[in-house]
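Chemist: target02.cif is the file, holding mmCIF, C-alpha atoms and all ligand atoms:
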data_protein
loop_
_atom_site.label_atom_id
_atom_site.label_comp_id
_atom_site.auth_asym_id
_atom_site.auth_seq_id
_atom_site.Cartn_x
_atom_site.Cartn_y
_atom_site.Cartn_z
CA MET A 710 -29.53 14.06 28.33
CA ALA A 711 -25.90 14.99 28.43
CA HIS A 712 -23.49 12.08 28.25
CA ASP A 713 -21.64 12.81 31.50
CA ALA A 714 -22.92 11.08 34.64
CA PRO A 715 -26.46 12.23 35.37
CA SER A 716 -27.01 13.76 38.81
CA LEU A 717 -30.15 11.81 39.53
CA PRO A 718 -30.33 10.39 43.06
CA ALA A 719 -30.49 6.70 43.92
CA LEU A 720 -29.81 5.16 40.54
CA GLN A 721 -30.27 1.44 40.21
CA ALA A 722 -27.13 -0.71 40.08
CA GLN A 723 -27.94 -1.62 36.48
CA THR A 724 -27.87 2.06 35.55
CA ARG A 725 -24.78 2.87 37.64
CA LEU A 726 -22.93 0.11 35.83
CA LEU A 727 -23.51 1.83 32.52
CA HIS A 728 -22.39 5.24 33.74
CA ALA A 729 -19.30 4.23 35.72
CA GLY A 730 -15.77 5.06 34.56
CA LYS A 731 -16.66 7.46 31.81
CA SER A 732 -14.18 10.17 32.73
CA PRO A 733 -10.50 9.26 33.04
CA ALA A 734 -9.89 8.12 36.61
CA TYR A 735 -6.51 9.80 36.98
CA ALA A 736 -4.97 13.21 37.42
CA GLY A 737 -1.94 14.33 35.46
CA GLY A 738 -0.84 15.01 31.91
CA ALA A 739 -1.55 13.49 28.50
CA ALA A 740 -0.09 10.38 26.87
CA VAL A 741 2.44 10.75 24.04
CA ASN A 742 0.23 8.83 21.64
CA PRO A 743 -3.37 9.62 20.70
CA PRO A 744 -5.92 7.64 22.66
CA LEU A 745 -7.56 4.63 21.08
CA VAL A 746 -11.17 5.68 20.65
CA ARG A 747 -13.51 2.82 19.76
CA ALA A 748 -16.99 3.89 18.82
CA SER A 749 -20.12 3.11 16.92
CA THR A 750 -22.53 5.59 18.56
CA VAL A 751 -21.33 9.14 19.14
CA LEU A 752 -23.24 11.14 21.74
CA PHE A 753 -24.15 14.82 21.39
CA GLU A 754 -24.86 17.48 23.99
CA SER A 755 -28.19 18.44 22.49
CA THR A 756 -30.41 17.91 19.46
CA ALA A 757 -29.19 21.27 18.18
CA GLN A 758 -25.57 20.11 18.31
CA GLN A 759 -26.48 16.80 16.69
CA ARG A 760 -28.20 18.65 13.82
CA GLU A 761 -25.29 21.02 13.40
CA MET A 762 -22.78 18.17 13.21
CA ARG A 763 -24.92 16.34 10.65
CA ASP A 764 -25.08 19.48 8.54
CA ARG A 765 -21.34 20.02 8.70
CA ARG A 766 -20.06 16.49 8.19
CA GLY A 767 -20.44 16.50 4.40
CA GLY A 768 -17.65 19.04 4.03
CA GLU A 769 -15.79 18.78 7.32
CA ARG A 770 -14.28 15.92 9.23
CA ILE A 771 -16.73 15.53 12.10
CA PHE A 772 -16.83 12.74 14.68
CA SER A 773 -20.50 11.83 14.25
CA TYR A 774 -20.72 8.05 13.90
CA GLY A 775 -18.19 5.21 13.99
CA ALA A 776 -18.62 4.48 10.29
CA ARG A 777 -17.67 8.09 9.51
CA GLY A 778 -14.33 7.61 11.26
CA THR A 779 -13.00 7.95 14.79
CA PRO A 780 -10.49 10.37 16.33
CA THR A 781 -7.91 7.55 16.20
CA GLY A 782 -8.53 7.06 12.47
CA PHE A 783 -8.45 10.84 11.92
CA ALA A 784 -5.00 10.98 13.56
CA LEU A 785 -3.76 8.32 11.12
CA GLU A 786 -5.38 10.13 8.18
CA ASP A 787 -3.48 13.28 9.13
CA ALA A 788 -0.19 11.40 9.43
CA VAL A 789 -0.66 9.82 5.99
CA SER A 790 -1.64 13.17 4.44
CA GLU A 791 1.57 14.61 5.83
CA LEU A 792 3.63 11.73 4.44
CA GLU A 793 1.99 11.86 0.99
CA GLY A 794 1.80 15.66 0.73
CA ALA A 795 -1.95 15.22 0.28
CA TYR A 796 -4.99 17.40 0.89
CA ARG A 797 -6.73 14.60 2.78
CA THR A 798 -6.70 10.82 3.20
CA ARG A 799 -9.30 8.05 3.60
CA LEU A 800 -8.61 4.73 5.28
CA LEU A 801 -9.81 1.40 3.91
CA PRO A 802 -9.64 -2.10 5.41
CA THR A 803 -6.91 -3.37 3.03
CA GLY A 804 -4.64 -2.03 0.32
CA LEU A 805 -6.68 -3.85 -2.29
CA ALA A 806 -9.91 -2.34 -0.90
CA ALA A 807 -8.28 1.09 -1.21
CA ILE A 808 -7.58 0.42 -4.90
CA ALA A 809 -11.15 -0.84 -5.39
CA MET A 810 -12.56 2.26 -3.69
CA VAL A 811 -10.55 4.47 -6.06
CA MET A 812 -12.07 2.63 -9.01
CA LEU A 813 -15.58 2.92 -7.54
CA SER A 814 -15.11 6.62 -6.84
CA TYR A 815 -13.77 7.81 -10.19
CA LEU A 816 -15.00 5.37 -12.86
CA ARG A 817 -18.45 4.78 -14.29
CA PRO A 818 -19.89 2.46 -16.94
CA GLY A 819 -18.66 3.45 -20.39
CA ASP A 820 -15.31 4.73 -19.10
CA HIS A 821 -11.94 3.26 -20.04
CA VAL A 822 -9.03 2.86 -17.62
CA LEU A 823 -5.44 2.40 -18.72
CA LEU A 824 -3.61 0.15 -16.25
CA THR A 825 0.13 -0.38 -15.91
CA ASP A 826 1.42 -3.82 -16.86
CA SER A 827 3.39 -3.76 -13.58
CA ALA A 828 0.30 -3.43 -11.35
CA TYR A 829 -0.01 -5.47 -8.18
CA GLN A 830 -1.35 -8.72 -9.59
CA PRO A 831 -4.78 -8.78 -7.86
CA VAL A 832 -5.62 -5.58 -9.79
CA ARG A 833 -5.83 -7.81 -12.90
CA HIS A 834 -8.31 -10.01 -11.07
CA MET A 835 -10.25 -6.91 -10.00
CA ALA A 836 -10.44 -5.80 -13.63
CA ARG A 837 -11.93 -9.14 -14.71
CA GLN A 838 -14.24 -9.47 -11.69
CA PHE A 839 -15.50 -5.91 -11.46
CA PHE A 840 -14.73 -3.81 -14.57
CA GLU A 841 -16.03 -6.33 -17.09
CA PRO A 842 -19.52 -6.87 -15.59
CA TYR A 843 -19.89 -3.15 -14.81
CA GLY A 844 -19.15 -2.00 -18.35
CA ILE A 845 -15.81 -0.35 -17.59
CA ALA A 846 -13.28 -0.99 -20.36
CA TYR A 847 -9.61 -1.51 -19.51
CA SER A 848 -6.30 -2.17 -21.19
CA PHE A 849 -2.68 -2.34 -20.09
CA PHE A 850 0.27 -0.11 -20.95
CA ALA A 851 3.95 -1.15 -20.83
CA ALA A 852 5.42 -0.69 -17.34
CA ASP A 853 7.97 1.85 -18.64
CA GLY A 854 5.09 3.96 -19.98
CA SER A 855 6.42 3.87 -23.57
CA ASP A 856 3.06 2.98 -25.19
CA ALA A 857 0.76 4.77 -22.74
CA GLU A 858 -0.09 7.68 -25.01
CA ALA A 859 -0.99 5.27 -27.84
CA GLY A 860 -3.26 3.40 -25.41
CA MET A 861 -5.37 6.44 -24.53
CA ARG A 862 -8.94 6.40 -25.88
CA PRO A 863 -11.55 9.19 -25.97
CA GLN A 864 -13.25 7.41 -23.02
CA THR A 865 -10.07 7.07 -20.94
CA ARG A 866 -10.89 8.56 -17.53
CA MET A 867 -8.00 7.16 -15.53
CA LEU A 868 -4.35 6.26 -15.95
CA TYR A 869 -3.32 3.87 -13.21
CA ALA A 870 0.41 3.59 -12.49
CA GLU A 871 2.52 1.67 -10.02
CA CYS A 872 6.06 2.90 -9.79
CA PRO A 873 8.34 1.12 -9.14
CA GLY A 874 6.26 -1.83 -10.35
CA SER A 875 5.39 -4.94 -8.39
CA LEU A 876 7.89 -7.85 -8.45
CA VAL A 877 10.62 -6.43 -10.76
CA TYR A 878 10.37 -2.68 -10.01
CA GLU A 879 10.00 -1.15 -13.48
CA MET A 880 10.04 2.66 -13.47
CA CYS A 881 7.85 4.99 -15.52
CA ASP A 882 8.21 8.73 -16.00
CA LEU A 883 5.25 9.71 -13.84
CA PRO A 884 5.48 13.50 -14.42
CA ALA A 885 5.46 12.94 -18.19
CA LEU A 886 2.60 10.42 -18.02
CA ALA A 887 0.61 12.75 -15.76
CA ALA A 888 1.05 15.69 -18.14
CA MET A 889 -0.06 13.50 -21.05
CA ALA A 890 -3.08 12.05 -19.21
CA HIS A 891 -4.18 15.40 -17.78
CA GLY A 892 -4.01 16.90 -21.26
CA ARG A 893 -6.61 14.33 -22.30
CA GLY A 894 -8.84 14.78 -19.27
CA ALA A 895 -7.83 11.61 -17.41
CA LEU A 896 -7.18 11.31 -13.68
CA VAL A 897 -3.79 9.91 -12.62
CA VAL A 898 -3.71 7.33 -9.83
CA ALA A 899 -0.53 5.75 -8.44
CA ASP A 900 -0.03 2.77 -6.18
CA ASN A 901 2.67 4.06 -3.80
CA THR A 902 3.12 0.98 -1.63
CA TRP A 903 6.76 0.51 -2.69
CA GLY A 904 7.69 4.11 -1.87
CA SER A 905 5.51 4.27 1.24
CA GLY A 906 5.55 8.06 1.11
CA CYS A 907 9.22 8.20 2.16
CA GLN A 908 10.98 6.99 -0.98
CA TYR A 909 8.50 8.16 -3.63
CA ARG A 910 5.80 10.83 -3.57
CA PRO A 911 3.41 10.50 -6.53
CA LEU A 912 1.29 13.54 -5.65
CA ALA A 913 4.37 15.78 -5.92
CA LEU A 914 5.14 14.17 -9.29
CA GLY A 915 1.75 14.93 -10.83
CA ALA A 916 -0.61 12.15 -9.67
CA ASP A 917 -4.05 13.14 -8.38
CA VAL A 918 -4.50 10.14 -6.13
CA SER A 919 -1.96 7.99 -4.28
CA VAL A 920 -2.87 4.61 -2.81
CA MET A 921 -0.80 2.68 -0.30
CA ALA A 922 -1.10 -0.72 1.30
CA ALA A 923 -0.33 0.45 4.83
CA THR A 924 -0.29 -3.28 5.56
CA LYS A 925 3.31 -3.19 4.34
CA TYR A 926 5.92 -0.67 5.58
CA LEU A 927 3.63 1.79 7.35
CA ALA A 928 2.37 -0.87 9.74
CA GLY A 929 5.73 -2.59 9.52
CA HIS A 930 5.08 -5.58 11.78
CA SER A 931 3.01 -8.01 9.67
CA ASP A 932 0.12 -7.86 12.10
CA VAL A 933 -2.49 -5.53 10.62
CA MET A 934 -4.24 -4.84 7.28
CA MET A 935 -4.92 -1.29 6.07
CA GLY A 936 -5.18 0.72 2.87
CA THR A 937 -4.90 4.46 2.42
CA VAL A 938 -6.08 6.77 -0.37
CA ALA A 939 -4.54 10.25 -0.34
CA THR A 940 -5.61 12.88 -2.87
CA THR A 941 -5.09 16.43 -4.03
CA GLU A 942 -7.77 18.94 -3.06
CA ALA A 943 -9.27 18.85 -6.56
CA ALA A 944 -9.65 15.06 -6.53
CA TRP A 945 -10.99 14.72 -2.99
CA ALA A 946 -14.78 15.11 -3.24
CA PRO A 947 -15.76 11.98 -5.24
CA LEU A 948 -13.68 9.73 -2.99
CA ALA A 949 -15.08 11.16 0.25
CA ALA A 950 -18.66 11.01 -1.02
CA ARG A 951 -18.36 7.41 -2.23
CA CYS A 952 -16.66 6.17 0.95
CA ASP A 953 -19.44 7.69 3.06
CA ALA A 954 -22.18 6.42 0.77
CA LEU A 955 -20.83 2.87 0.84
CA GLY A 956 -20.10 2.69 4.56
CA MET A 957 -16.32 2.31 4.31
CA ALA A 958 -14.62 2.39 7.70
CA VAL A 959 -11.66 0.82 9.51
CA SER A 960 -11.23 -0.41 13.05
CA PRO A 961 -9.69 2.23 15.32
CA ASP A 962 -7.53 -0.52 16.85
CA ASP A 963 -6.03 -1.15 13.42
CA ALA A 964 -5.59 2.58 12.79
CA TRP A 965 -3.81 2.89 16.13
CA LEU A 966 -1.42 0.06 15.23
CA VAL A 967 -0.60 1.57 11.84
CA LEU A 968 0.02 5.00 13.38
CA ARG A 969 2.31 3.39 15.92
CA GLY A 970 4.18 1.60 13.13
CA MET A 971 4.60 4.85 11.23
CA ARG A 972 6.64 6.42 14.03
CA SER A 973 9.60 4.22 13.08
CA LEU A 974 8.87 4.08 9.32
CA ALA A 975 11.79 6.22 8.14
CA ALA A 976 14.29 4.49 10.44
CA ARG A 977 13.13 1.02 9.39
CA LEU A 978 13.18 1.93 5.71
CA ASP A 979 16.76 3.17 6.00
CA MET A 980 17.80 -0.17 7.43
CA HIS A 981 15.75 -2.21 4.93
CA GLU A 982 17.38 -0.17 2.17
CA GLN A 983 20.95 -0.73 3.42
CA HIS A 984 20.41 -4.44 3.95
CA GLY A 985 18.54 -4.83 0.66
CA LEU A 986 21.32 -3.16 -1.30
CA GLU A 987 24.02 -5.22 0.38
CA ILE A 988 22.21 -8.41 -0.55
CA ALA A 989 21.36 -7.21 -4.08
CA ARG A 990 25.06 -6.53 -4.73
CA TRP A 991 26.06 -9.90 -3.31
CA LEU A 992 23.46 -11.67 -5.46
CA GLN A 993 24.78 -9.90 -8.56
CA ARG A 994 28.12 -11.62 -8.05
CA HIS A 995 26.60 -15.09 -7.57
CA PRO A 996 26.93 -17.38 -10.62
CA ALA A 997 23.49 -19.01 -10.07
CA VAL A 998 21.74 -15.64 -10.44
CA ALA A 999 20.99 -14.43 -13.98
CA THR A 1000 19.55 -11.00 -13.09
CA VAL A 1001 19.02 -9.02 -9.90
CA PHE A 1002 16.03 -6.66 -9.98
CA HIS A 1003 16.54 -3.58 -7.82
CA PRO A 1004 16.06 -0.02 -9.12
CA ALA A 1005 19.08 1.35 -7.22
CA LEU A 1006 21.43 -0.93 -9.19
CA PRO A 1007 22.97 0.96 -12.13
CA GLY A 1008 22.09 -1.86 -14.56
CA HIS A 1009 18.36 -1.69 -13.80
CA PRO A 1010 16.39 -0.33 -16.81
CA GLY A 1011 14.64 2.25 -14.60
CA HIS A 1012 17.76 3.32 -12.73
CA ALA A 1013 17.96 6.86 -14.19
CA LEU A 1014 14.30 7.55 -13.35
CA TRP A 1015 14.79 6.04 -9.90
CA ARG A 1016 17.69 8.45 -9.30
CA ARG A 1017 15.59 11.37 -10.50
CA ASP A 1018 12.31 10.61 -8.72
CA CYS A 1019 13.00 8.41 -5.68
CA ARG A 1020 14.70 9.35 -2.44
CA GLY A 1021 15.81 5.81 -1.71
CA SER A 1022 14.78 2.18 -1.92
CA ASN A 1023 13.56 -0.50 0.47
CA GLY A 1024 14.02 -4.18 1.33
CA LEU A 1025 12.60 -5.63 -1.89
CA VAL A 1026 15.04 -7.50 -4.13
CA SER A 1027 14.05 -10.00 -6.82
CA LEU A 1028 16.32 -12.40 -8.65
CA GLU A 1029 16.08 -14.36 -11.86
CA LEU A 1030 17.55 -17.85 -11.82
CA ALA A 1031 19.06 -19.35 -14.97
CA PRO A 1032 16.44 -19.85 -17.72
CA GLY A 1033 15.48 -23.51 -17.75
CA THR A 1034 15.89 -23.99 -13.99
CA PRO A 1035 13.26 -26.65 -13.21
CA GLN A 1036 10.46 -25.89 -10.75
CA ALA A 1037 11.82 -28.58 -8.44
CA GLY A 1038 15.08 -26.64 -8.20
CA VAL A 1039 13.27 -23.38 -7.41
CA ASP A 1040 11.23 -25.14 -4.73
CA ARG A 1041 14.35 -26.71 -3.22
CA PHE A 1042 16.11 -23.32 -3.11
CA ILE A 1043 13.16 -21.61 -1.42
CA ASP A 1044 12.46 -24.48 0.98
CA SER A 1045 16.13 -24.62 2.02
CA LEU A 1046 16.18 -21.04 3.32
CA ARG A 1047 16.05 -20.91 7.10
CA LEU A 1048 15.86 -17.18 7.83
CA PHE A 1049 13.34 -16.29 5.09
CA GLY A 1050 9.70 -17.01 5.81
CA ILE A 1051 7.76 -18.36 2.83
CA GLY A 1052 4.90 -15.96 2.40
CA ALA A 1053 3.21 -13.20 0.46
CA SER A 1054 3.06 -9.55 1.49
CA TRP A 1055 6.18 -7.74 2.76
CA GLY A 1056 7.12 -4.60 4.67
CA GLY A 1057 7.33 -6.23 8.09
CA TYR A 1058 10.59 -6.35 10.04
CA GLU A 1059 11.35 -9.89 8.88
CA SER A 1060 12.78 -11.44 5.74
CA LEU A 1061 10.47 -13.26 3.32
CA VAL A 1062 10.76 -15.22 0.10
CA THR A 1063 8.19 -16.09 -2.54
CA GLN A 1064 8.30 -17.08 -6.20
CA ALA A 1065 7.02 -14.43 -8.63
CA PHE A 1066 5.27 -15.98 -11.61
CA MET A 1067 6.06 -13.24 -14.11
CA ASP A 1068 4.21 -14.76 -17.08
CA GLN A 1069 0.97 -14.44 -15.09
CA ALA A 1070 1.84 -11.03 -13.68
CA ARG A 1071 2.49 -9.29 -17.03
CA SER A 1072 0.51 -9.23 -20.30
CA VAL A 1073 2.32 -6.53 -22.30
CA THR A 1074 5.87 -7.74 -21.66
CA ASP A 1075 6.72 -11.32 -22.65
CA TRP A 1076 8.53 -13.19 -19.88
CA SER A 1077 8.26 -16.68 -21.40
CA ALA A 1078 11.96 -16.99 -22.33
CA ARG A 1079 13.25 -15.92 -18.92
CA GLY A 1080 14.25 -17.91 -15.89
CA PRO A 1081 12.16 -18.27 -12.73
CA VAL A 1082 11.93 -15.12 -10.62
CA VAL A 1083 12.10 -15.20 -6.83
CA ARG A 1084 11.21 -12.18 -4.72
CA LEU A 1085 12.99 -11.53 -1.45
CA HIS A 1086 11.95 -9.09 1.21
CA ILE A 1087 15.06 -8.24 3.16
CA GLY A 1088 14.24 -7.60 6.80
CA LEU A 1089 16.15 -6.12 9.70
CA GLU A 1090 18.20 -9.25 10.49
CA SER A 1091 21.97 -9.06 10.09
CA PRO A 1092 22.73 -9.08 6.34
CA ARG A 1093 25.69 -11.35 7.08
CA ASP A 1094 23.34 -14.05 8.38
CA LEU A 1095 20.97 -13.57 5.44
CA ILE A 1096 23.83 -13.87 2.94
CA ALA A 1097 25.05 -17.10 4.57
CA ASP A 1098 21.52 -18.47 4.33
CA LEU A 1099 21.18 -17.46 0.66
CA GLU A 1100 24.60 -18.96 -0.05
CA GLN A 1101 23.60 -22.38 1.23
CA GLY A 1102 20.20 -22.06 -0.49
CA LEU A 1103 21.65 -21.21 -3.90
CA ALA A 1104 24.11 -24.11 -3.52
CA THR A 1105 21.13 -26.51 -3.65
CA LEU A 1106 20.61 -25.46 -7.29
CA ASP A 1107 23.71 -27.47 -8.19
CA LEU A 1108 22.12 -30.69 -6.92
CA PRO A 1109 20.57 -33.01 -9.52
CA ASP A 1110 16.75 -32.80 -9.67
C1 LIG A 1201 0.26 -5.68 -0.93
C2 LIG A 1201 -0.02 -4.69 -1.97
C3 LIG A 1201 -1.32 -4.19 -2.17
C4 LIG A 1201 -2.50 -4.73 -1.41
O1 LIG A 1201 -2.44 -4.52 -0.04
P1 LIG A 1201 -3.28 -5.47 0.96
O2 LIG A 1201 -3.31 -4.67 2.20
O3 LIG A 1201 -2.51 -6.74 1.06
O4 LIG A 1201 -4.63 -5.66 0.34
C5 LIG A 1201 -1.50 -3.23 -3.13
N1 LIG A 1201 -0.49 -2.78 -3.88
C6 LIG A 1201 0.76 -3.24 -3.74
C7 LIG A 1201 1.84 -2.72 -4.60
C8 LIG A 1201 1.04 -4.21 -2.79
O5 LIG A 1201 2.28 -4.68 -2.67
#
Can you present the structure in this file as structure tokens?
Ligand SMILES: *Cc1c(COP(=O)(O)O)cnc(C)c1O

Modeler:
Amino acid sequence: MAHDAPSLPALQAQTRLLHAGKSPAYAGGAAVNPPLVRASTVLFESTAQQREMRDRRGGERIFSYGARGTPTGFALEDAVSELEGAYRTRLLPTGLAAIAMVMLSYLRPGDHVLLTDSAYQPVRHMARQFFEPYGIAYSFFAADGSDAEAGMRPQTRMLYAECPGSLVYEMCDLPALAAMAHGRGALVVADNTWGSGCQYRPLALGADVSVMAATKYLAGHSDVMMGTVATTEAAWAPLAARCDALGMAVSPDDAWLVLRGMRSLAARLDMHEQHGLEIARWLQRHPAVATVFHPALPGHPGHALWRRDCRGSNGLVSLELAPGTPQAGVDRFIDSLRLFGIGASWGGYESLVTQAFMDQARSVTDWSARGPVVRLHIGLESPRDLIADLEQGLATLDLPD
């Protein structure tokens, strides 16, 4: 039976209810944005067509079942592939799930993976929770990549980078690391959430796989979770096969929201970048601030690489308070801010603040002698208002604890 309304006479009301409203009830043109297509079952014209689609879906992107993706998700995949300069893209329910899927797709028991010390912190938890029991060995390399070659083992199958790094934005020389890793038969994966495809493009710099938490700048409004994995043509097959085998799919509603967010991505990033830089420079002049971490500042250790490899920056700025600042002082500073929400994640339109516990977030670099680090996400508010808020917040550090 074809899926358009059957021409049988005198259908029962119960049946008519199921067949009503299946074709658009309007005349005219098409909407600007792709339609939101929600589906589990996909209907075919005939058994022959169903068989043909099943045969083709291994290699081609075919709308054959909700878990294999929907037209709305496919539209987002194409937009991300465009942004990342990728062959193709898969969507996962969160950024962390996207990282996990990369590990599941390319690593097997007995392999070793070399992880950057600057990785998004839950990747360390993933390594303990998942790599250890599954017989995958791992170790960390310094965030600037200086000891990566020494860390390679005969079993190293993957070098996992994040550039700029989480929390303090260390830079590594990705093209050099990729050449080194490829020479030893290892795949190169990069977490590109910071660059969001606009400011940094790992696939053009030699990575095989680029992961993004679309939860952050792509979505841009703090209201949806999504991860993306974009690959070169050569790296594509294991990812696609594993995602299909394990039933990985995202909600088309979420895909639609992310695609909508992406339309203003470049414009928002420009503004986050301008505001972030203005505040970074102001913080540098404040006596309560020991260090400002921002790769576009000339004093940042990765500044030269940032200039070479990045097109710009974003709204992330971290600051180190004076070593010895008591926790009560850090709490008072953060709690006193009125325009900065206290919360994890970032990439929405609004400003956020959270403490970064660097001694837990790094194992190669020793942070024990340094002051407390606070991460700001600078949103689209007026920087003048944000500076006034930070000014009164930093003034609370002078109060006795
Ligand atoms: C937030 C983040 C992730 C994880 O994304 P979720 O969607 O929150 O799971 C991964 N990598 C980096 C660098 C992130 O900042």

Chemist: Which one of A:Ser732, A:Ser1077, A:Ser1045, A:Thr937 sits closest to ligand LIG 1201 (chain A) if you count all atoms listed in the file?

Modeler: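 Under the stated criterion, the closest residue is A:Thr937.
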
Chemist: Find, counting only C-alpha atoms, the residue in A:Leu1014, A:Ala887, A:Ala736, A:Ala807 that gets nearest to A:Gly936.

Modeler: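 Under the stated criterion, the closest residue is A:Ala807.
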
Chemist: Dig up all the protein and nucleic acid residues within 8 Å of (-6.8, -0.3, 12.4) in the file frame, using only C-alpha atoms, and format them as a compact mmCIF listing (two decimals) with C-alpha atoms, in the frame of the given file.

Modeler:
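Contents of selection.txt, freshly written:
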# COMPACT_ATOMS: atom_id res chain seq x y z
CA GLY A 782 -8.53 7.06 12.47
CA PRO A 802 -9.64 -2.10 5.41
CA VAL A 933 -2.49 -5.53 10.62
CA MET A 934 -4.24 -4.84 7.28
CA MET A 935 -4.92 -1.29 6.07
CA VAL A 959 -11.66 0.82 9.51
CA SER A 960 -11.23 -0.41 13.05
CA PRO A 961 -9.69 2.23 15.32
CA ASP A 962 -7.53 -0.52 16.85
CA ASP A 963 -6.03 -1.15 13.42
CA ALA A 964 -5.59 2.58 12.79
CA TRP A 965 -3.81 2.89 16.13
CA LEU A 966 -1.42 0.06 15.23
CA VAL A 967 -0.60 1.57 11.84

Chemist: Need to verify the contact set: A:Leu813, 10 Å, all atoms listed in the file, exclusion of same-chain residues closer than 5 positions in sequence. Can you return it as an NGL selection string?

Modeler: :A and (807-808 or 839-840 or 947-948 or 951-952 or 955)

Chemist: Within 9 Å of ligand LIG 1201 (chain A) (counting only C-alpha atoms and all ligand atoms), which residues show up? I'd like them as an MDAnalysis selection string.

Modeler: chainID A and resid 802:808 828:832 871:876 900:903 920:925 933:936 1053:1056

Chemist: Please determine, counting all atoms listed in the file, which residue among A:Asn742, A:Ser1060, A:Gln864, A:Ser790 has the shortest atom-to-atom distance to A:Ala890.

Modeler: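 Ranked by minimum distance to A:Ala890, first place goes to A:Gln864.
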
Chemist: For the point (21.9, -20.9, -4.0) in the file's frame, write as a ChimeraX atom specification all residues with an atom no more than 10 Å away, counting all atoms listed in the file.

Modeler: /A:992,995-998,1030,1038-1039,1041-1043,1045-1046,1097-1107

Chemist: For stretch 916-928 of chain A, where the input has fewer atoms than it should, I would like N, CA, C and O atoms rebuilt and written as a PDB file, keeping the file's coordinate frame.

Modeler:
ATOM      1  N   ALA A 916       0.581  12.993  -9.849  1.00  0.00           N
ATOM      2  CA  ALA A 916      -0.610  12.150  -9.670  1.00  0.00           C
ATOM      3  C   ALA A 916      -1.671  12.916  -8.882  1.00  0.00           C
ATOM      4  O   ALA A 916      -1.358  13.836  -8.111  1.00  0.00           O
ATOM      5  N   ASP A 917      -2.931  12.537  -9.109  1.00  0.00           N
ATOM      6  CA  ASP A 917      -4.050  13.140  -8.380  1.00  0.00           C
ATOM      7  C   ASP A 917      -4.386  12.351  -7.128  1.00  0.00           C
ATOM      8  O   ASP A 917      -4.933  12.884  -6.167  1.00  0.00           O
ATOM      9  N   VAL A 918      -4.109  11.062  -7.198  1.00  0.00           N
ATOM     10  CA  VAL A 918      -4.500  10.140  -6.130  1.00  0.00           C
ATOM     11  C   VAL A 918      -3.336   9.180  -5.890  1.00  0.00           C
ATOM     12  O   VAL A 918      -2.748   8.668  -6.842  1.00  0.00           O
ATOM     13  N   SER A 919      -3.004   8.952  -4.620  1.00  0.00           N
ATOM     14  CA  SER A 919      -1.960   7.990  -4.280  1.00  0.00           C
ATOM     15  C   SER A 919      -2.516   6.973  -3.294  1.00  0.00           C
ATOM     16  O   SER A 919      -3.110   7.342  -2.280  1.00  0.00           O
ATOM     17  N   VAL A 920      -2.341   5.707  -3.635  1.00  0.00           N
ATOM     18  CA  VAL A 920      -2.870   4.610  -2.810  1.00  0.00           C
ATOM     19  C   VAL A 920      -1.690   3.899  -2.163  1.00  0.00           C
ATOM     20  O   VAL A 920      -0.658   3.707  -2.807  1.00  0.00           O
ATOM     21  N   MET A 921      -1.832   3.513  -0.914  1.00  0.00           N
ATOM     22  CA  MET A 921      -0.800   2.680  -0.300  1.00  0.00           C
ATOM     23  C   MET A 921      -1.447   1.508   0.444  1.00  0.00           C
ATOM     24  O   MET A 921      -2.511   1.649   1.037  1.00  0.00           O
ATOM     25  N   ALA A 922      -0.766   0.365   0.382  1.00  0.00           N
ATOM     26  CA  ALA A 922      -1.100  -0.720   1.300  1.00  0.00           C
ATOM     27  C   ALA A 922      -0.321  -0.436   2.572  1.00  0.00           C
ATOM     28  O   ALA A 922       0.867  -0.728   2.655  1.00  0.00           O
ATOM     29  N   ALA A 923      -0.987   0.159   3.548  1.00  0.00           N
ATOM     30  CA  ALA A 923      -0.330   0.450   4.830  1.00  0.00           C
ATOM     31  C   ALA A 923      -0.009  -0.846   5.565  1.00  0.00           C
ATOM     32  O   ALA A 923       0.776  -0.848   6.521  1.00  0.00           O
ATOM     33  N   THR A 924      -0.624  -1.927   5.105  1.00  0.00           N
ATOM     34  CA  THR A 924      -0.290  -3.280   5.560  1.00  0.00           C
ATOM     35  C   THR A 924       1.219  -3.524   5.528  1.00  0.00           C
ATOM     36  O   THR A 924       1.742  -4.268   6.349  1.00  0.00           O
ATOM     37  N   LYS A 925       1.903  -2.901   4.564  1.00  0.00           N
ATOM     38  CA  LYS A 925       3.310  -3.190   4.340  1.00  0.00           C
ATOM     39  C   LYS A 925       4.180  -2.341   5.269  1.00  0.00           C
ATOM     40  O   LYS A 925       4.193  -2.577   6.449  1.00  0.00           O
ATOM     41  N   TYR A 926       4.929  -1.352   4.738  1.00  0.00           N
ATOM     42  CA  TYR A 926       5.920  -0.670   5.580  1.00  0.00           C
ATOM     43  C   TYR A 926       5.314   0.255   6.624  1.00  0.00           C
ATOM     44  O   TYR A 926       5.921   0.463   7.674  1.00  0.00           O
ATOM     45  N   LEU A 927       4.166   0.869   6.354  1.00  0.00           N
ATOM     46  CA  LEU A 927       3.630   1.790   7.350  1.00  0.00           C
ATOM     47  C   LEU A 927       3.353   1.048   8.654  1.00  0.00           C
ATOM     48  O   LEU A 927       3.789   1.459   9.721  1.00  0.00           O
ATOM     49  N   ALA A 928       2.633  -0.057   8.550  1.00  0.00           N
ATOM     50  CA  ALA A 928       2.370  -0.870   9.740  1.00  0.00           C
ATOM     51  C   ALA A 928       3.675  -1.525  10.198  1.00  0.00           C
ATOM     52  O   ALA A 928       4.032  -1.454  11.368  1.00  0.00           O
TER      53      ALA A 928
END
